[in-house]
>>> print(open('query-v4.txt').read())   # compact mmCIF, C-alpha atoms
# COMPACT_ATOMS: atom_id res chain seq x y z
CA MET J 8 201.86 110.56 254.83
CA THR J 9 204.15 111.90 252.11
CA THR J 10 204.60 115.65 252.21
CA ILE J 11 206.02 118.03 249.65
CA THR J 12 207.93 121.17 250.55
CA LYS J 13 206.83 124.43 248.93
CA SER J 14 208.86 127.57 249.44
CA VAL J 15 207.74 131.17 249.48
CA ARG J 16 209.82 134.37 249.48
CA LEU J 17 208.87 137.00 252.08
CA SER J 18 210.22 140.48 252.73
CA PRO J 19 212.02 140.99 256.09
CA GLU J 20 208.93 142.84 257.41
CA GLU J 21 206.57 140.04 256.35
CA SER J 22 208.88 137.45 257.82
CA ALA J 23 209.02 139.37 261.11
CA GLU J 24 205.21 139.47 261.19
CA VAL J 25 205.01 135.72 260.72
CA ALA J 26 207.54 135.23 263.51
CA GLN J 27 205.58 137.51 265.80
CA LEU J 28 202.29 135.73 265.12
CA SER J 29 204.00 132.39 265.60
CA GLU J 30 205.04 133.51 269.08
CA GLN J 31 201.64 134.91 269.90
CA THR J 32 199.77 131.80 268.81
CA TYR J 33 202.27 129.29 270.21
CA MET J 34 202.42 127.63 266.80
CA THR J 35 205.53 126.96 264.77
CA GLU J 36 205.92 129.19 261.72
CA SER J 37 205.62 126.12 259.54
CA SER J 38 202.31 125.04 261.13
CA LEU J 39 200.99 128.56 260.92
CA LEU J 40 201.88 128.90 257.24
CA LYS J 41 200.33 125.55 256.47
CA LYS J 42 197.14 126.54 258.28
CA TRP J 43 196.89 129.76 256.27
CA VAL J 44 197.59 128.04 252.97
CA LEU J 45 194.85 125.48 253.61
CA ALA J 46 192.38 128.19 254.65
CA GLY J 47 193.36 130.19 251.57
CA ILE J 48 192.80 127.23 249.25
CA LYS J 49 189.37 126.67 250.76
CA ALA J 50 188.40 130.33 250.44
CA GLN J 51 189.72 130.55 246.88
CA LYS J 52 187.81 127.43 245.81
CA LEU J 53 184.64 128.89 247.32
CA GLU J 54 185.07 132.24 245.57
CA MET J 55 185.71 130.53 242.24
CA ALA J 56 182.62 128.37 242.69
CA ILE J 57 180.53 131.43 243.60
CA GLN J 58 181.81 133.17 240.47
CA GLN J 59 180.88 130.17 238.33
CA TYR J 60 177.45 130.12 239.91
CA MET J 61 176.92 133.83 239.30
CA GLU J 62 177.86 133.37 235.65
CA ARG J 63 175.32 130.50 235.51
CA LYS J 64 178.06 128.11 234.46
CA THR J 65 177.01 125.78 237.24
CA GLY J 66 174.03 125.10 239.50
CA LEU J 67 173.95 125.03 243.31
CA ARG J 68 175.14 121.43 243.40
CA GLY J 69 177.90 122.00 240.90
CA GLY J 70 179.01 125.02 242.91
CA ALA J 71 179.05 123.04 246.13
CA SER J 72 181.10 120.35 244.45
CA LEU J 73 183.59 122.87 243.02
CA ALA J 74 183.95 124.54 246.41
CA GLY J 75 184.30 121.20 248.17
CA VAL J 76 181.50 122.00 250.64
CA SER J 77 178.04 120.59 251.31
CA TYR J 78 175.00 121.73 249.33
CA ASN J 79 173.62 123.48 252.42
CA ARG J 80 176.84 125.33 253.09
CA PHE J 81 177.11 126.52 249.50
CA LEU J 82 173.51 127.74 249.50
CA GLN J 83 174.25 129.60 252.73
CA GLU J 84 177.24 131.31 251.08
CA VAL J 85 175.13 132.22 248.04
CA GLU J 86 172.40 133.67 250.26
CA ALA J 87 174.91 135.60 252.38
CA ARG J 88 176.12 137.31 249.21
CA ASN J 89 172.56 138.07 248.00
CA ILE J 90 173.13 136.16 244.79
CA VAL J 91 169.99 135.51 242.79
CA VAL J 92 169.12 131.81 242.44
CA LEU J 93 165.86 132.40 240.59
CA GLU J 94 165.42 134.62 237.52
CA GLU J 95 162.17 136.06 236.19
CA ASP J 96 162.08 134.10 232.94
CA ARG J 97 159.04 131.88 232.47
CA PHE J 98 157.52 132.83 235.80
CA ALA J 99 154.09 133.39 234.23
CA GLU J 100 154.38 130.07 232.40
CA ARG J 101 154.96 128.22 235.67
CA LEU J 102 152.06 130.01 237.36
CA GLU J 103 149.86 129.13 234.42
CA GLY J 104 150.77 125.50 234.97
CA LEU J 105 149.74 125.74 238.61
CA ALA J 106 146.53 127.61 237.80
CA ASP J 107 145.52 125.04 235.18
CA MET J 108 146.44 122.08 237.37
CA PHE J 109 144.25 123.22 240.24
CA GLY J 110 141.60 125.09 238.21
CA ASP J 111 142.42 128.45 239.81
CA ALA J 112 140.32 131.00 237.89
CA ASP J 113 141.57 134.05 239.84
CA LEU J 114 145.16 133.17 239.07
CA GLN J 115 144.39 132.46 235.41
CA GLU J 116 142.79 135.89 235.11
CA ALA J 117 145.74 137.60 236.84
CA ILE J 118 148.19 135.90 234.48
CA LEU J 119 146.15 137.01 231.49
CA LYS J 120 146.21 140.61 232.77
CA LEU J 121 149.95 140.45 233.38
CA ASN J 122 150.58 139.04 229.91
CA THR J 123 148.34 141.67 228.30
CA ALA J 124 150.11 144.46 230.20
CA ALA J 125 153.49 143.10 229.11
CA GLN J 126 152.54 143.20 225.40
CA MET V 2 142.98 117.26 244.22
CA ILE V 3 146.45 116.21 245.42
CA ARG V 4 149.15 115.99 242.72
CA SER V 5 152.38 114.06 242.92
CA ALA V 6 155.58 116.07 242.90
CA SER V 7 159.28 115.36 242.77
CA LEU V 8 161.23 117.45 245.25
CA ASP V 9 164.55 119.14 244.60
CA SER V 10 166.76 120.32 247.46
CA SER V 11 166.71 123.90 246.17
CA PHE V 12 162.95 124.17 246.65
CA TRP V 13 162.96 122.49 250.05
CA ASN V 14 165.72 124.62 251.50
CA ILE V 15 164.35 127.99 250.41
CA ALA V 16 160.70 127.12 251.14
CA SER V 17 161.63 125.85 254.60
CA GLN V 18 163.65 128.93 255.39
CA ILE V 19 160.70 131.22 254.72
CA GLY V 20 158.15 128.87 256.31
CA LEU V 21 156.14 127.71 253.27
CA THR V 22 156.72 123.95 253.35
CA PRO V 23 153.74 122.93 255.54
CA TYR V 24 151.36 124.25 252.84
CA LEU V 25 152.86 121.93 250.25
CA PHE V 26 151.04 118.89 251.55
CA SER V 27 147.59 120.38 250.88
CA TYR V 28 148.38 120.24 247.17
CA PHE V 29 151.14 117.73 246.60
CA LYS V 30 152.16 114.24 247.55
CA VAL V 31 155.87 114.91 247.83
CA TYR V 32 158.45 112.38 246.64
CA TYR V 33 162.18 112.65 247.14
CA CYS V 34 165.19 110.70 245.89
CA ARG V 35 167.99 109.45 248.09
CA ALA V 36 170.46 111.95 246.60
CA VAL V 37 168.12 114.84 247.39
CA GLU V 38 167.70 113.62 250.94
CA GLN V 39 171.47 113.44 251.34
CA GLU V 40 171.87 117.00 250.14
CA ILE V 41 169.21 118.31 252.49
CA VAL V 42 170.36 116.53 255.63
CA THR V 43 174.14 116.64 255.13
CA THR V 44 176.25 119.26 256.84
CA ASP V 45 180.02 119.52 256.87
CA PRO V 46 180.99 117.73 260.07
CA ASN V 47 184.33 119.52 260.18
CA GLU V 48 182.65 122.90 259.90
CA THR V 49 179.61 122.79 262.09
CA PRO V 50 177.94 120.33 264.43
CA LEU V 51 174.65 122.15 263.88
CA ILE V 52 171.70 120.70 262.01
CA TYR V 53 170.21 123.16 259.57
CA PRO V 54 166.52 123.89 260.34
CA GLN V 55 165.50 122.73 256.86
CA ALA V 56 167.27 119.42 257.48
CA MET V 57 165.52 119.00 260.83
CA LEU V 58 162.15 119.76 259.26
CA PHE V 59 162.83 117.24 256.50
CA GLN V 60 163.70 114.53 259.03
CA VAL V 61 160.59 115.20 261.11
CA LEU V 62 158.23 115.21 258.12
CA ARG V 63 159.85 112.12 256.64
CA GLU V 64 159.39 110.24 259.91
CA ASP V 65 155.84 111.56 260.01
CA GLY V 66 155.15 109.89 256.65
CA ARG V 67 154.62 113.17 254.78
CA LEU V 68 157.58 112.65 252.47
CA HIS V 69 157.83 109.61 250.23
CA ARG V 70 160.96 108.08 248.80
CA ARG V 71 161.12 107.10 245.13
CA GLU V 72 164.10 106.67 242.82
CA PRO V 73 164.03 107.32 239.08
CA GLU V 74 164.61 104.34 236.81
CA LYS V 75 167.04 106.24 234.62
CA PRO V 76 168.77 109.17 236.35
CA LEU V 77 170.03 111.88 234.04
CA THR V 78 173.77 112.17 233.63
CA ILE V 79 173.87 115.94 233.54
CA PHE V 80 174.33 118.37 236.44
CA GLY V 81 174.67 117.22 240.03
CA VAL V 82 173.27 113.96 241.33
CA GLY V 83 170.35 115.39 243.30
CA GLU V 84 168.82 117.53 240.59
CA ALA V 85 169.49 114.92 237.91
CA GLN V 86 167.48 112.42 239.94
CA ALA V 87 164.72 114.86 240.90
CA ILE V 88 164.29 115.94 237.26
CA ALA V 89 164.42 112.35 236.00
CA LEU V 90 161.78 111.26 238.50
CA ALA V 91 159.44 114.11 237.52
CA ARG V 92 159.93 113.32 233.84
CA GLU V 93 159.45 109.56 234.14
CA GLN V 94 156.30 109.88 236.23
CA SER V 95 154.92 113.03 234.58
CA TRP V 96 154.93 114.68 237.98
CA VAL V 97 155.40 118.28 238.99
CA LEU V 98 158.95 119.30 239.82
CA LEU V 99 159.46 121.48 242.90
CA ILE V 100 162.68 123.35 242.18
CA ASN V 101 164.27 126.75 242.91
CA ASP V 102 167.61 126.86 241.13
CA VAL V 103 167.72 128.73 237.83
CA ARG V 104 169.96 126.50 235.73
CA PRO V 105 168.34 123.09 236.30
CA LEU V 106 164.91 124.78 236.38
CA ARG V 107 165.43 126.09 232.84
CA LEU V 108 166.52 122.66 231.71
CA ALA V 109 163.50 120.99 233.28
CA GLN V 110 161.12 123.53 231.71
CA ASP V 111 162.78 122.95 228.34
CA MET V 112 162.11 119.24 228.82
CA GLY V 113 158.41 120.03 229.20
CA ILE V 114 158.24 119.29 232.92
CA VAL V 115 155.71 121.33 234.90
CA CYS V 116 157.85 123.17 237.45
CA VAL V 117 156.97 125.11 240.56
CA ALA V 118 159.41 127.46 242.27
CA VAL V 119 159.00 128.97 245.74
CA PRO V 120 157.64 132.43 244.76
CA ASP V 121 155.19 130.75 242.35
CA PHE V 122 153.84 128.68 245.20
CA ALA V 123 153.51 131.73 247.47
CA VAL V 124 151.42 133.58 244.86
CA PHE V 125 149.36 130.45 244.26
CA LEU V 126 148.61 130.10 247.99
CA TYR V 127 147.31 133.65 248.09
CA SER V 128 145.20 133.04 245.02
CA GLN V 129 143.83 129.91 246.70
CA ARG V 130 142.90 132.04 249.77
CA ARG V 131 145.17 129.95 251.98
CA ILE V 132 147.23 132.93 253.09
CA THR V 133 146.47 136.64 253.50
CA ILE V 134 147.74 139.42 251.28
CA ALA V 135 150.05 140.55 254.10
CA ALA V 136 151.44 137.02 254.39
CA VAL V 137 152.17 136.65 250.68
CA HIS V 138 153.97 140.00 250.63
CA GLY V 139 155.91 138.86 253.68
CA TYR V 140 156.99 135.65 251.95
CA LEU V 141 158.08 137.58 248.87
CA ARG V 142 160.06 140.00 251.03
CA ARG V 143 161.92 137.06 252.55
CA LEU V 144 162.79 135.86 249.06
CA THR V 145 164.29 139.12 247.84
CA ASN V 146 167.92 138.26 248.58
CA THR V 147 167.85 135.22 246.30
CA THR V 148 165.17 136.09 243.73
CA SER V 149 165.43 138.43 240.77
CA PRO V 150 163.78 141.82 241.49
CA ALA V 151 161.90 141.52 238.16
CA LEU V 152 160.29 138.26 239.30
CA ILE V 153 159.32 139.77 242.65
CA ALA V 154 157.78 142.74 240.79
CA GLN V 155 155.78 140.40 238.53
CA ALA V 156 154.58 138.43 241.55
CA GLN V 157 153.50 141.63 243.27
CA GLN V 158 151.61 142.74 240.16
CA MET V 159 149.87 139.39 240.08
CA ILE V 160 148.88 139.75 243.73
CA THR V 161 147.60 143.28 243.09
CA HIS V 162 145.37 142.01 240.24
CA ILE V 163 143.88 139.31 242.45
CA ALA V 164 143.50 141.64 245.44
CA GLN V 165 141.75 144.30 243.33
CA LYS V 166 139.32 141.73 242.02
CA ARG V 167 138.52 140.68 245.57
CA GLY V 168 138.40 144.23 246.90
CA GLU V 169 141.26 143.52 249.29
CA THR V 170 143.90 145.99 250.40
CA LEU V 171 147.13 145.49 252.29
>>> encode(input="query-v4.txt", output="structure tokens")
Amino acid sequence: MTTITKSVRLSPEESAEVAQLSEQTYMTESSLLKKWVLAGIKAQKLEMAIQQYMERKTGLRGGASLAGVSYNRFLQEVEARNIVVLEEDRFAERLEGLADMFGDADLQEAILKLNTAAQ
Amino acid sequence: MIRSASLDSSFWNIASQIGLTPYLFSYFKVYYCRAVEQEIVTTDPNETPLIYPQAMLFQVLREDGRLHRREPEKPLTIFGVGEAQAIALAREQSWVLLINDVRPLRLAQDMGIVCVAVPDFAVFLYSQRRITIAAVHGYLRRLTNTTSPALIAQAQQMITHIAQKRGETL
């Protein structure tokens, strides 16, 4: 596999921290940095996808695709952050559809009351 | 009367998590597309070997013959594959669309498709006397982290109207 070298400038203190962690984890500094970069990319993609979802620029599927994770995983992330997936608009309209479809008089009456109260 | 409905992953996942899916089959013959199935049952193998409960439930009910596979003739080319197929199937067959994701839901409603989201179905079940007032409030509570507070408030008002008419209290 072809690889490309990327360089990053660290302060002496930061560099010492990397060296210390490298020792503690028995990983080379290079492997450790690569691991963090990959984890960072993943996390950044997820946060950007979540942002897009919150701004309603994408749906759950689109978000999952942007984040590069499964639908289930993305939904889990959305739920963990208490992000709303369902807004209140046209709720009464949908219930009306259900009430009419199944001839539910109680529900029809409740919708009428709700609509009257809203006016 | 049982109505046919096209299932979207968003409805299945949320309804399964709060425990509403078994009630679906009293009212709907539920159809799913291959893309929806894939979304529901797929996990990231490199992240977790676990099977999500909603995926397990889907597999069991599919094997049990409760879920029926049907593909749309002309899938839509907008949004993700799953919702595009679920919406297209509902539109082609004039079926109900079971969906719980705001963006595609709005689109489907704009297209004139009769849509049902999870809180709608919970309120409907109470109205149909299939669940108690305590149960419907419990379902709504479990939906609060992903549902707009204004919708939850409207649903609670609706329940109060029905309960008052029946002389029920929580």
>>> closest_residue(input="query-v4.txt", among="V:Thr148, V:Ser5, V:Asp121, V:Arg131", to="Ala99 in chain J", atoms="only C-alpha atoms")
V:Asp121
>>> residues_around(input="query-v4.txt", residues="Tyr33 in chain V", least_positions_apart="4", cutoff="7 Å", atoms="all atoms listed in the file", output="CSV table (one decimal) with C-alpha atoms, keeping the file's coordinate frame")
chain,number,residue,atom,x,y,z
V,7,SER,CA,159.3,115.4,242.8
V,8,LEU,CA,161.2,117.4,245.2
V,37,VAL,CA,168.1,114.8,247.4
V,38,GLU,CA,167.7,113.6,250.9
V,69,HIS,CA,157.8,109.6,250.2
V,70,ARG,CA,161.0,108.1,248.8
V,71,ARG,CA,161.1,107.1,245.1
>>> closest_atom_pairs(input="query-v4.txt", of="chain J", to="chain V", cutoff="9 Å", atoms="all atoms listed in the file", output="JSON lines")
{"residue": "J:Arg63", "atom": "CA", "partner": "V:Arg104", "partner_atom": "CA", "distance": 6.7}
{"residue": "J:Lys64", "atom": "CA", "partner": "V:Arg104", "partner_atom": "CA", "distance": 8.4}
{"residue": "J:Thr65", "atom": "CA", "partner": "V:Arg104", "partner_atom": "CA", "distance": 7.2}
{"residue": "J:Gly66", "atom": "CA", "partner": "V:Arg104", "partner_atom": "CA", "distance": 5.7}
{"residue": "J:Leu67", "atom": "CA", "partner": "V:Asp102", "partner_atom": "CA", "distance": 6.9}
{"residue": "J:Arg68", "atom": "CA", "partner": "V:Gly81", "partner_atom": "CA", "distance": 5.4}
{"residue": "J:Gly69", "atom": "CA", "partner": "V:Gly81", "partner_atom": "CA", "distance": 5.8}
{"residue": "J:Ser72", "atom": "CA", "partner": "V:Gly81", "partner_atom": "CA", "distance": 8.4}
{"residue": "J:Val76", "atom": "CA", "partner": "V:Asp45", "partner_atom": "CA", "distance": 6.9}
{"residue": "J:Ser77", "atom": "CA", "partner": "V:Thr44", "partner_atom": "CA", "distance": 6.0}
{"residue": "J:Tyr78", "atom": "CA", "partner": "V:Glu40", "partner_atom": "CA", "distance": 5.7}
{"residue": "J:Asn79", "atom": "CA", "partner": "V:Thr44", "partner_atom": "CA", "distance": 6.7}
{"residue": "J:Arg80", "atom": "CA", "partner": "V:Thr44", "partner_atom": "CA", "distance": 7.2}
{"residue": "J:Leu82", "atom": "CA", "partner": "V:Ser11", "partner_atom": "CA", "distance": 8.5}
{"residue": "J:Val85", "atom": "CA", "partner": "V:Thr147", "partner_atom": "CA", "distance": 8.1}
{"residue": "J:Glu86", "atom": "CA", "partner": "V:Thr147", "partner_atom": "CA", "distance": 6.2}
{"residue": "J:Ala87", "atom": "CA", "partner": "V:Asn146", "partner_atom": "CA", "distance": 8.4}
{"residue": "J:Arg88", "atom": "CA", "partner": "V:Asn146", "partner_atom": "CA", "distance": 8.3}
{"residue": "J:Asn89", "atom": "CA", "partner": "V:Asn146", "partner_atom": "CA", "distance": 4.7}
{"residue": "J:Ile90", "atom": "CA", "partner": "V:Thr147", "partner_atom": "CA", "distance": 5.6}
{"residue": "J:Val91", "atom": "CA", "partner": "V:Thr147", "partner_atom": "CA", "distance": 4.1}
{"residue": "J:Val92", "atom": "CA", "partner": "V:Thr147", "partner_atom": "CA", "distance": 5.3}
{"residue": "J:Leu93", "atom": "CA", "partner": "V:Thr148", "partner_atom": "CA", "distance": 4.9}
{"residue": "J:Glu94", "atom": "CA", "partner": "V:Ser149", "partner_atom": "CA", "distance": 5.0}
{"residue": "J:Glu95", "atom": "CA", "partner": "V:Leu152", "partner_atom": "CA", "distance": 4.2}
{"residue": "J:Asp96", "atom": "CA", "partner": "V:Leu152", "partner_atom": "CA", "distance": 7.8}
{"residue": "J:Arg97", "atom": "CA", "partner": "V:Arg107", "partner_atom": "CA", "distance": 8.6}
{"residue": "J:Phe98", "atom": "CA", "partner": "V:Leu152", "partner_atom": "CA", "distance": 7.0}
{"residue": "J:Ala99", "atom": "CA", "partner": "V:Gln155", "partner_atom": "CA", "distance": 8.4}
{"residue": "J:Arg101", "atom": "CA", "partner": "V:Cys116", "partner_atom": "CA", "distance": 6.1}
{"residue": "J:Leu102", "atom": "CA", "partner": "V:Asp121", "partner_atom": "CA", "distance": 5.9}
{"residue": "J:Gly104", "atom": "CA", "partner": "V:Val115", "partner_atom": "CA", "distance": 6.5}
{"residue": "J:Leu105", "atom": "CA", "partner": "V:Phe125", "partner_atom": "CA", "distance": 7.4}
{"residue": "J:Ala106", "atom": "CA", "partner": "V:Phe125", "partner_atom": "CA", "distance": 7.6}
{"residue": "J:Met108", "atom": "CA", "partner": "V:Arg4", "partner_atom": "CA", "distance": 8.5}
{"residue": "J:Phe109", "atom": "CA", "partner": "V:Met2", "partner_atom": "CA", "distance": 7.3}
{"residue": "J:Asp111", "atom": "CA", "partner": "V:Gln129", "partner_atom": "CA", "distance": 7.2}
{"residue": "J:Ala112", "atom": "CA", "partner": "V:Ser128", "partner_atom": "CA", "distance": 8.9}
{"residue": "J:Asp113", "atom": "CA", "partner": "V:Ile163", "partner_atom": "CA", "distance": 6.3}
{"residue": "J:Leu114", "atom": "CA", "partner": "V:Ser128", "partner_atom": "CA", "distance": 6.0}
{"residue": "J:Glu116", "atom": "CA", "partner": "V:Ile163", "partner_atom": "CA", "distance": 8.2}
{"residue": "J:Ala117", "atom": "CA", "partner": "V:Met159", "partner_atom": "CA", "distance": 5.5}
{"residue": "J:Ile118", "atom": "CA", "partner": "V:Met159", "partner_atom": "CA", "distance": 6.8}
{"residue": "J:Lys120", "atom": "CA", "partner": "V:His162", "partner_atom": "CA", "distance": 7.6}
{"residue": "J:Leu121", "atom": "CA", "partner": "V:Met159", "partner_atom": "CA", "distance": 6.8}
>>> residues_near_point(input="query-v4.txt", point="(205.4, 132.3, 261.2)", cutoff="6 Å", atoms="only C-alpha atoms", output="ChimeraX atom specification")
/J:25-26,29,36,39
>>> atom_distance(input="query-v4.txt", atom1="CA of Met112 in chain V", atom2="CA of Leu68 in chain V")
25.0 Å
>>> closest_residue(input="query-v4.txt", among="V:Leu126, V:Leu98, V:Val31, V:Leu77", to="Leu62 in chain V", atoms="all atoms listed in the file")
V:Val31
>>> atom_distance(input="query-v4.txt", atom1="CA of Thr22 in chain V", atom2="CA of Leu99 in chain V")
11.1 Å
>>> residues_around(input="query-v4.txt", residues="Glu74 in chain V", least_positions_apart="2", cutoff="9 Å", atoms="all atoms listed in the file", output="PyMOL selection string")
chain V and resi 72+76+89-90+93
>>> atom_distance(input="query-v4.txt", atom1="CA of Tyr24 in chain V", atom2="CA of Tyr140 in chain V")
12.7 Å
